[in-house]
Amino acid sequence: MLRFRDLSFRYKIPLRATLLVLVTAVTLTAANVVREYEQLRTDLFANAESLGSVVAMTLITPLLHDDLWRAYEIVSVPVRQGQDSTLGAEWLLVVDAQGRVYASTRPREQPVGVTLAELGGSVARLAAEYDLAALRGSRAVELEEASDFHLLMPILFDGVNLGTLILAYPKSIFEPRFRSIVERGALVTLLVLALLLPISWYWGRRMADPLVQLADCMSRVGERIPVESEYRLYESRDEVGLAGTQLKLMLAALREKEALEQQIIASERLAAIGRITAGIAHEINNPLGGMLNAISTYKRHGQAERTLPLLERGLLQIKETVAALLVEARLQSHPLNAQDFDDLRTLLQPHLAPKRVQLVWQGGLLGTVALPSTQVRQILLNLLLNAVQAAEPGSEVVCSIEHGRESIEFRVANRGQPIPVERLNHLFEPFVGTSDGGNGLGLWVTYQLVQQLGGRIDVSSNAADGTVVAVSLPAPETDR
Amino acid sequence: MQRREFLFGMAALALPQAGRAEVAPSGVELRIGLTPVFLDDQAAFLNRWRDYLSARSGLTVAFVQRSSYREIVEQILGKTLDMAWLCGYPYVMAQEHLRLLAVPLHLGRPEYHSYLIARHDMAQVEGIDDLAGRVFAFSDPNSFSGSLYPRFLLHERGQSAAQHFRRSFYTWSHRKVVEAVAAGLADGGAVAGYVWETLARLHPEITTATRVVGRSPSYGFPPFVVRADLRPSLAATLQRVFVDMRDDAEGARLLQTLNLDGFVPGDTAMYRSIREMVRLVEQR
């Protein structure tokens, strides 16, 4: 679902402008309605009072002479003539001094001679709440829940209350006025909106475009940092312009950092080459020294039968070192199968007992895998031996095998001292390993084998999870 | 009581207005009194009728409209009026001072009825008895059909209007009796049958809101009368003008507007039953 906050500023700004206009229009119209209501109410009661006082005065003689018909004719006049007027009375009622209907413009509902209480409705409430006989001046009454406003007008003659004139005005009398105010308000609002919408649309674009440029530029930052010619930023000193300037500065800084990293990587490579060279030189120098000694001994004493074996041993040592460095896999081997893991278990058994380490296997192969078994066995053997060696006594070493659709993954995990971070970066370089008795080529060889098989190897090590080496090898599907 | 008032009125008005006795017989001006009972709201028609009567009689005719029979009778007795269209009741009350001139013909007869009407939405009302405890509208207190006859009906039952009705009032006009009942101000009323029928022709929207629930027997139609002391030759001329009205086109048109068929000289005997009724009712 599209949420408002996800909308572009191009739409948000016109929509907000519309909302503002609507809120303003509604508020103003409501204020107008209230004001008009007050005004109309005042007008209505003023009108009612002037009408009421005239009618009440005219009613004095008919009441004194008990001329009912005349009284009826008098009260009927405003109702008959006020039919079209918006402030016309709905009905008029003359109540005699005894509180009975004397004459009404609605004689069917308010029959002659009936008491107000018998009539019921709002008239009865008026009679109950106001002492009509004691009324000395007009009184405007707005009963709650009644559909009419009422004006009570005493008919006084020489200070004597002859009766009361009640005028009723429907509250709905204001409706047409209110409707016209609301209609006018709506019309003005529509006009204002028609004028404002294109303007706010234009503003929306003006505001959104620099932001869109900014967002576009930021989205390009990923694998590489875009150069300045590839993007265009809005230039100004407002907030958006400042953000653009800051972004430019940031991108420049990022580019600098990238260059610096490239330099560091290059120099680290050179350093690694130096270390390897030194290692190789050292490995070759030792037997070389021995052999040169043997040759000089041979020159002095001439004992060939003692010299040649020495030379042979030295050369073999050099060959071994070189072979290990080259890691050439020319050996023909069968495809990997479950039997290879049984062999690995047998081979590892003697190393487990001294440290009381338990080897746990998880998962397995689904069938034969088209991978050279010798190399895979070598990789796993190296990793497992390292893990057993690093494991703390009495702990477990877990080897899990996950045979997927297109790859096979081995994970070797052990608990123990984690590998320091600074060593992790150089873990697979030759002659780095410090394991006692090793030549520091185990992980190097493992790395080379994995590379040759087109796989990848990852190491993670921390105190909580121990050390986990994950090897993932591509394994094209074969017959299972 | 009312007779006494009439006489008092006559006495009061007779002296200052004495000079007028010579004016009318001189042929200069004839003043005819009308009440709201008939034709109160048709000024244009009255002008046409006035012109017609003036042309026919050779007199200057003027209509004088007053709101009640009493005022008209007082003015006739005071000689400020020479002629009037009166109801049978005030006529018999002042018969010794008046002379019958012409009696209108309605539906071919010089008679009319008193109608008892009720609100159209009061289906259960079938007569004056059913209006007990309700609001009742009379027309003029001196009207036969709009007052005397219903009071006579109550008198027969040994009751008065005040006893029988919750409230009763006078509208001083037959037409307004119909309007009061139609509006619902009164539940029932008494009205001249002639007025109700005429109104039903001209303003059916008013009469349809009412319902005739009782018709009296026939009584003499409200007559045109002249002062008893009006010159007999003049009275005879006027009588001829009225009686001959239906014989010429303009007169016939005027009669049509009045919803009358014509005029006949009439006979005082036609009003004897009304006089009898007055005696009965006023005896109480």
# chains A, B, ... in the order shown; residues from 1 in each chain; ligands from 1
call {"tool": "interface_residues", "arguments": {"of": "chain A", "to": "chain B", "cutoff": "8 Å", "atoms": "only C-alpha atoms", "output": "PDB file with all heavy atoms, in the first residue's frame"}}
result
ATOM      1  N   ASP A  67     -63.806  39.071  21.581  1.00  0.00           N
ATOM      2  CA  ASP A  67     -64.111  38.881  20.166  1.00  0.00           C
ATOM      3  C   ASP A  67     -63.097  37.890  19.594  1.00  0.00           C
ATOM      4  O   ASP A  67     -62.041  38.261  19.093  1.00  0.00           O
ATOM      5  CB  ASP A  67     -64.031  40.223  19.434  1.00  0.00           C
ATOM      6  CG  ASP A  67     -64.612  40.118  18.029  1.00  0.00           C
ATOM      7  OD1 ASP A  67     -64.784  38.993  17.537  1.00  0.00           O
ATOM      8  OD2 ASP A  67     -64.891  41.182  17.433  1.00  0.00           O
ATOM      9  N   LEU A  68     -63.427  36.622  19.709  1.00  0.00           N
ATOM     10  CA  LEU A  68     -62.493  35.554  19.346  1.00  0.00           C
ATOM     11  C   LEU A  68     -62.109  35.624  17.868  1.00  0.00           C
ATOM     12  O   LEU A  68     -60.953  35.496  17.499  1.00  0.00           O
ATOM     13  CB  LEU A  68     -63.139  34.201  19.667  1.00  0.00           C
ATOM     14  CG  LEU A  68     -62.204  32.991  19.732  1.00  0.00           C
ATOM     15  CD1 LEU A  68     -62.844  31.922  20.601  1.00  0.00           C
ATOM     16  CD2 LEU A  68     -61.913  32.405  18.375  1.00  0.00           C
ATOM     17  N   TRP A  69     -63.139  35.838  17.033  1.00  0.00           N
ATOM     18  CA  TRP A  69     -62.859  35.836  15.596  1.00  0.00           C
ATOM     19  C   TRP A  69     -61.895  36.963  15.220  1.00  0.00           C
ATOM     20  O   TRP A  69     -60.980  36.780  14.436  1.00  0.00           O
ATOM     21  CB  TRP A  69     -64.160  35.963  14.796  1.00  0.00           C
ATOM     22  CG  TRP A  69     -63.894  36.092  13.338  1.00  0.00           C
ATOM     23  CD1 TRP A  69     -63.960  37.208  12.589  1.00  0.00           C
ATOM     24  CD2 TRP A  69     -63.437  35.048  12.465  1.00  0.00           C
ATOM     25  NE1 TRP A  69     -63.598  36.945  11.300  1.00  0.00           N
ATOM     26  CE2 TRP A  69     -63.275  35.616  11.196  1.00  0.00           C
ATOM     27  CE3 TRP A  69     -63.169  33.680  12.648  1.00  0.00           C
ATOM     28  CZ2 TRP A  69     -62.860  34.888  10.098  1.00  0.00           C
ATOM     29  CZ3 TRP A  69     -62.749  32.951  11.549  1.00  0.00           C
ATOM     30  CH2 TRP A  69     -62.601  33.552  10.295  1.00  0.00           C
ATOM     31  N   ARG A  70     -62.104  38.119  15.822  1.00  0.00           N
ATOM     32  CA  ARG A  70     -61.229  39.263  15.538  1.00  0.00           C
ATOM     33  C   ARG A  70     -59.789  38.920  15.958  1.00  0.00           C
ATOM     34  O   ARG A  70     -58.838  39.191  15.222  1.00  0.00           O
ATOM     35  CB  ARG A  70     -61.742  40.475  16.320  1.00  0.00           C
ATOM     36  CG  ARG A  70     -61.019  41.753  16.002  1.00  0.00           C
ATOM     37  CD  ARG A  70     -61.601  42.443  14.775  1.00  0.00           C
ATOM     38  NE  ARG A  70     -60.649  43.436  14.288  1.00  0.00           N
ATOM     39  CZ  ARG A  70     -59.907  43.266  13.190  1.00  0.00           C
ATOM     40  NH1 ARG A  70     -60.022  42.169  12.476  1.00  0.00           N
ATOM     41  NH2 ARG A  70     -59.072  44.203  12.813  1.00  0.00           N
ATOM     42  N   ALA A 103     -56.945  31.882  20.916  1.00  0.00           N
ATOM     43  CA  ALA A 103     -57.004  31.737  19.455  1.00  0.00           C
ATOM     44  C   ALA A 103     -55.608  31.356  18.993  1.00  0.00           C
ATOM     45  O   ALA A 103     -54.619  31.784  19.571  1.00  0.00           O
ATOM     46  CB  ALA A 103     -57.432  33.037  18.802  1.00  0.00           C
ATOM     47  N   SER A 104     -55.560  30.550  17.964  1.00  0.00           N
ATOM     48  CA  SER A 104     -54.269  30.126  17.449  1.00  0.00           C
ATOM     49  C   SER A 104     -54.353  30.092  15.936  1.00  0.00           C
ATOM     50  O   SER A 104     -55.415  29.869  15.359  1.00  0.00           O
ATOM     51  CB  SER A 104     -53.936  28.727  17.975  1.00  0.00           C
ATOM     52  OG  SER A 104     -52.935  28.150  17.171  1.00  0.00           O
ATOM     53  N   ARG A 106     -53.064  27.845  14.393  1.00  0.00           N
ATOM     54  CA  ARG A 106     -53.183  26.406  14.096  1.00  0.00           C
ATOM     55  C   ARG A 106     -54.287  25.830  14.966  1.00  0.00           C
ATOM     56  O   ARG A 106     -54.023  25.065  15.903  1.00  0.00           O
ATOM     57  CB  ARG A 106     -51.866  25.702  14.390  1.00  0.00           C
ATOM     58  CG  ARG A 106     -50.791  26.118  13.409  1.00  0.00           C
ATOM     59  CD  ARG A 106     -49.654  25.156  13.478  1.00  0.00           C
ATOM     60  NE  ARG A 106     -48.800  25.311  12.330  1.00  0.00           N
ATOM     61  CZ  ARG A 106     -47.649  24.692  12.179  1.00  0.00           C
ATOM     62  NH1 ARG A 106     -47.232  23.870  13.123  1.00  0.00           N
ATOM     63  NH2 ARG A 106     -46.925  24.885  11.102  1.00  0.00           N
ATOM     64  N   PRO A 107     -55.525  26.217  14.667  1.00  0.00           N
ATOM     65  CA  PRO A 107     -56.620  25.837  15.583  1.00  0.00           C
ATOM     66  C   PRO A 107     -56.811  24.336  15.682  1.00  0.00           C
ATOM     67  O   PRO A 107     -57.307  23.842  16.692  1.00  0.00           O
ATOM     68  CB  PRO A 107     -57.838  26.526  14.975  1.00  0.00           C
ATOM     69  CG  PRO A 107     -57.476  26.844  13.566  1.00  0.00           C
ATOM     70  CD  PRO A 107     -55.997  27.021  13.528  1.00  0.00           C
ATOM     71  N   ARG A 108     -56.425  23.585  14.650  1.00  0.00           N
ATOM     72  CA  ARG A 108     -56.633  22.138  14.731  1.00  0.00           C
ATOM     73  C   ARG A 108     -55.735  21.509  15.786  1.00  0.00           C
ATOM     74  O   ARG A 108     -56.135  20.623  16.533  1.00  0.00           O
ATOM     75  CB  ARG A 108     -56.371  21.484  13.379  1.00  0.00           C
ATOM     76  CG  ARG A 108     -57.535  21.658  12.442  1.00  0.00           C
ATOM     77  CD  ARG A 108     -57.160  21.330  11.030  1.00  0.00           C
ATOM     78  NE  ARG A 108     -58.059  22.003  10.095  1.00  0.00           N
ATOM     79  CZ  ARG A 108     -59.233  21.510   9.715  1.00  0.00           C
ATOM     80  NH1 ARG A 108     -59.621  20.341  10.149  1.00  0.00           N
ATOM     81  NH2 ARG A 108     -60.007  22.180   8.891  1.00  0.00           N
ATOM     82  N   PRO A 111     -56.686  23.703  19.836  1.00  0.00           N
ATOM     83  CA  PRO A 111     -58.110  24.058  19.809  1.00  0.00           C
ATOM     84  C   PRO A 111     -58.437  25.109  20.867  1.00  0.00           C
ATOM     85  O   PRO A 111     -57.809  25.159  21.924  1.00  0.00           O
ATOM     86  CB  PRO A 111     -58.818  22.739  20.118  1.00  0.00           C
ATOM     87  CG  PRO A 111     -57.774  21.679  20.029  1.00  0.00           C
ATOM     88  CD  PRO A 111     -56.470  22.320  20.275  1.00  0.00           C
ATOM     89  N   VAL A 112     -59.440  25.874  20.560  1.00  0.00           N
ATOM     90  CA  VAL A 112     -59.905  26.939  21.442  1.00  0.00           C
ATOM     91  C   VAL A 112     -60.326  26.354  22.800  1.00  0.00           C
ATOM     92  O   VAL A 112     -60.969  25.309  22.862  1.00  0.00           O
ATOM     93  CB  VAL A 112     -61.111  27.643  20.784  1.00  0.00           C
ATOM     94  CG1 VAL A 112     -61.717  28.665  21.732  1.00  0.00           C
ATOM     95  CG2 VAL A 112     -60.688  28.291  19.482  1.00  0.00           C
ATOM     96  N   GLY A 113     -59.893  27.029  23.867  1.00  0.00           N
ATOM     97  CA  GLY A 113     -60.374  26.669  25.188  1.00  0.00           C
ATOM     98  C   GLY A 113     -59.589  25.583  25.896  1.00  0.00           C
ATOM     99  O   GLY A 113     -59.855  25.284  27.056  1.00  0.00           O
TER     100      GLY A 113
END
call {"tool": "residues_around", "arguments": {"residues": "Gln283 of chain B", "least_positions_apart": "5", "cutoff": "12 Å", "atoms": "only C-alpha atoms", "output": "ChimeraX atom specification"}}
result
/B:1,152,155,276-278
call {"tool": "write_last_selection", "arguments": {"atoms": "C-alpha atoms", "output": "short mmCIF file (atom, residue, chain, number, x, y, z; two decimals), in the first residue's frame"}}
result
data_model
loop_
_atom_site.label_atom_id
_atom_site.label_comp_id
_atom_site.auth_asym_id
_atom_site.auth_seq_id
_atom_site.Cartn_x
_atom_site.Cartn_y
_atom_site.Cartn_z
CA MET B 1 -83.08 43.42 24.85
CA PHE B 152 -83.99 28.15 18.34
CA HIS B 155 -84.12 26.40 22.80
CA GLU B 276 -92.86 33.54 15.92
CA MET B 277 -89.43 32.06 16.49
CA VAL B 278 -88.14 35.34 17.94
#
call {"tool": "residues_around", "arguments": {"residues": "segment 45-50 of chain A", "least_positions_apart": "5", "cutoff": "9 Å", "atoms": "only C-alpha atoms", "output": "ChimeraX atom specification"}}
result
/A:40,55,87-89,138-140,149-153,167-169
call {"tool": "closest_residue", "arguments": {"among": "A:Ser472, A:Thr368, A:Asn293, A:Gln303", "to": "Phe410 of chain A", "atoms": "only C-alpha atoms"}}
result
A:Ser472
call {"tool": "residues_around", "arguments": {"residues": "Tyr11 of chain A", "least_positions_apart": "2", "cutoff": "12 Å", "atoms": "only C-alpha atoms", "output": "PyMOL selection string"}}
result
chain A and resi 4-9+13-18+197-198+200-208
call {"tool": "atom_distance", "arguments": {"atom1": "atom CA of Phe242 of chain B", "atom2": "atom CA of Val264 of chain B"}}
result
7.9 Å
call {"tool": "residues_around", "arguments": {"residues": "Ser172 of chain A", "least_positions_apart": "6", "cutoff": "10 Å", "atoms": "only C-alpha atoms", "output": "list in words"}}
result
Ser147, Asp148, Phe149 and Phe178 of chain A
call {"tool": "write_last_selection", "arguments": {"atoms": "N, CA and C atoms", "output": "tab-separated table (two decimals), in the first residue's frame"}}
result
chain	number	residue	atom	x	y	z
A	147	SER	N	-38.44	22.17	18.38
A	147	SER	CA	-38.10	22.49	17.00
A	147	SER	C	-38.31	23.97	16.70
A	148	ASP	N	-38.78	24.72	17.70
A	148	ASP	CA	-39.06	26.13	17.47
A	148	ASP	C	-38.37	27.02	18.50
A	149	PHE	N	-38.13	28.27	18.07
A	149	PHE	CA	-37.84	29.33	19.03
A	149	PHE	C	-39.19	29.91	19.44
A	178	PHE	N	-27.78	28.99	6.15
A	178	PHE	CA	-26.56	28.22	6.41
A	178	PHE	C	-26.11	27.53	5.14
call {"tool": "decode", "arguments": {"residues": "segment 148-184 of chain B", "atoms": "N, CA and C atoms", "output": "short mmCIF file (atom, residue, chain, number, x, y, z; two decimals), in the first residue's frame"}}
result
data_model
loop_
_atom_site.label_atom_id
_atom_site.label_comp_id
_atom_site.auth_asym_id
_atom_site.auth_seq_id
_atom_site.Cartn_x
_atom_site.Cartn_y
_atom_site.Cartn_z
N LEU B 148 -80.19 33.12 15.04
CA LEU B 148 -81.49 32.84 15.65
C LEU B 148 -81.90 31.39 15.48
N TYR B 149 -81.72 30.87 14.27
CA TYR B 149 -82.19 29.50 14.04
C TYR B 149 -81.43 28.47 14.89
N PRO B 150 -80.09 28.50 14.95
CA PRO B 150 -79.42 27.53 15.85
C PRO B 150 -79.81 27.74 17.31
N ARG B 151 -80.02 28.99 17.70
CA ARG B 151 -80.43 29.22 19.09
C ARG B 151 -81.84 28.66 19.33
N PHE B 152 -82.64 28.73 18.25
CA PHE B 152 -83.99 28.15 18.34
C PHE B 152 -83.88 26.64 18.53
N LEU B 153 -82.98 26.03 17.78
CA LEU B 153 -82.79 24.57 17.92
C LEU B 153 -82.40 24.22 19.35
N LEU B 154 -81.50 25.01 19.93
CA LEU B 154 -81.06 24.76 21.30
C LEU B 154 -82.22 25.03 22.27
N HIS B 155 -82.98 26.06 21.95
CA HIS B 155 -84.12 26.40 22.80
C HIS B 155 -85.09 25.23 22.87
N GLU B 156 -85.32 24.59 21.73
CA GLU B 156 -86.19 23.42 21.69
C GLU B 156 -85.69 22.33 22.63
N ARG B 157 -84.37 22.28 22.78
CA ARG B 157 -83.76 21.26 23.66
C ARG B 157 -83.60 21.77 25.09
N GLY B 158 -84.12 22.98 25.31
CA GLY B 158 -84.05 23.54 26.64
C GLY B 158 -82.66 23.99 27.04
N GLN B 159 -81.89 24.39 26.03
CA GLN B 159 -80.50 24.77 26.34
C GLN B 159 -80.17 26.12 25.75
N SER B 160 -79.10 26.71 26.25
CA SER B 160 -78.59 27.94 25.66
C SER B 160 -77.25 27.62 25.01
N ALA B 161 -76.79 28.55 24.17
CA ALA B 161 -75.49 28.35 23.50
C ALA B 161 -74.38 28.17 24.52
N ALA B 162 -74.41 28.98 25.59
CA ALA B 162 -73.36 28.91 26.60
C ALA B 162 -73.35 27.55 27.29
N GLN B 163 -74.55 26.95 27.43
CA GLN B 163 -74.61 25.64 28.09
C GLN B 163 -74.18 24.52 27.14
N HIS B 164 -74.61 24.68 25.90
CA HIS B 164 -74.41 23.56 24.97
C HIS B 164 -72.98 23.49 24.44
N PHE B 165 -72.43 24.66 24.12
CA PHE B 165 -71.09 24.65 23.50
C PHE B 165 -70.03 24.96 24.55
N ARG B 166 -68.81 24.44 24.26
CA ARG B 166 -67.67 24.79 25.12
C ARG B 166 -67.37 26.27 24.96
N ARG B 167 -67.53 26.72 23.71
CA ARG B 167 -67.19 28.12 23.42
C ARG B 167 -67.95 28.47 22.15
N SER B 168 -68.50 29.68 22.10
CA SER B 168 -69.11 30.13 20.86
C SER B 168 -68.69 31.58 20.63
N PHE B 169 -68.66 31.97 19.36
CA PHE B 169 -68.26 33.35 19.08
C PHE B 169 -68.93 33.79 17.79
N TYR B 170 -68.91 35.13 17.59
CA TYR B 170 -69.53 35.71 16.40
C TYR B 170 -68.43 36.13 15.42
N THR B 171 -68.64 35.86 14.16
CA THR B 171 -67.68 36.32 13.16
C THR B 171 -68.23 37.54 12.42
N TRP B 172 -69.50 37.87 12.64
CA TRP B 172 -70.17 39.04 12.04
C TRP B 172 -70.31 38.90 10.53
N SER B 173 -70.09 37.69 10.01
CA SER B 173 -70.22 37.50 8.57
C SER B 173 -70.44 36.02 8.31
N HIS B 174 -71.36 35.73 7.39
CA HIS B 174 -71.60 34.33 7.05
C HIS B 174 -70.37 33.68 6.46
N ARG B 175 -69.73 34.42 5.57
CA ARG B 175 -68.57 33.87 4.90
C ARG B 175 -67.49 33.50 5.92
N LYS B 176 -67.32 34.35 6.93
CA LYS B 176 -66.27 34.08 7.92
C LYS B 176 -66.63 32.91 8.83
N VAL B 177 -67.93 32.64 8.96
CA VAL B 177 -68.33 31.43 9.70
C VAL B 177 -67.77 30.21 8.95
N VAL B 178 -67.94 30.22 7.62
CA VAL B 178 -67.43 29.10 6.83
C VAL B 178 -65.91 29.03 6.95
N GLU B 179 -65.27 30.19 6.92
CA GLU B 179 -63.80 30.21 7.04
C GLU B 179 -63.33 29.71 8.40
N ALA B 180 -64.04 30.12 9.45
CA ALA B 180 -63.65 29.69 10.80
C ALA B 180 -63.77 28.18 10.94
N VAL B 181 -64.85 27.62 10.36
CA VAL B 181 -65.02 26.16 10.45
C VAL B 181 -63.99 25.47 9.57
N ALA B 182 -63.74 26.05 8.39
CA ALA B 182 -62.76 25.44 7.48
C ALA B 182 -61.37 25.44 8.11
N ALA B 183 -61.01 26.51 8.82
CA ALA B 183 -59.69 26.60 9.44
C ALA B 183 -59.59 25.70 10.66
N GLY B 184 -60.74 25.32 11.22
CA GLY B 184 -60.70 24.46 12.40
C GLY B 184 -60.79 25.27 13.69
#
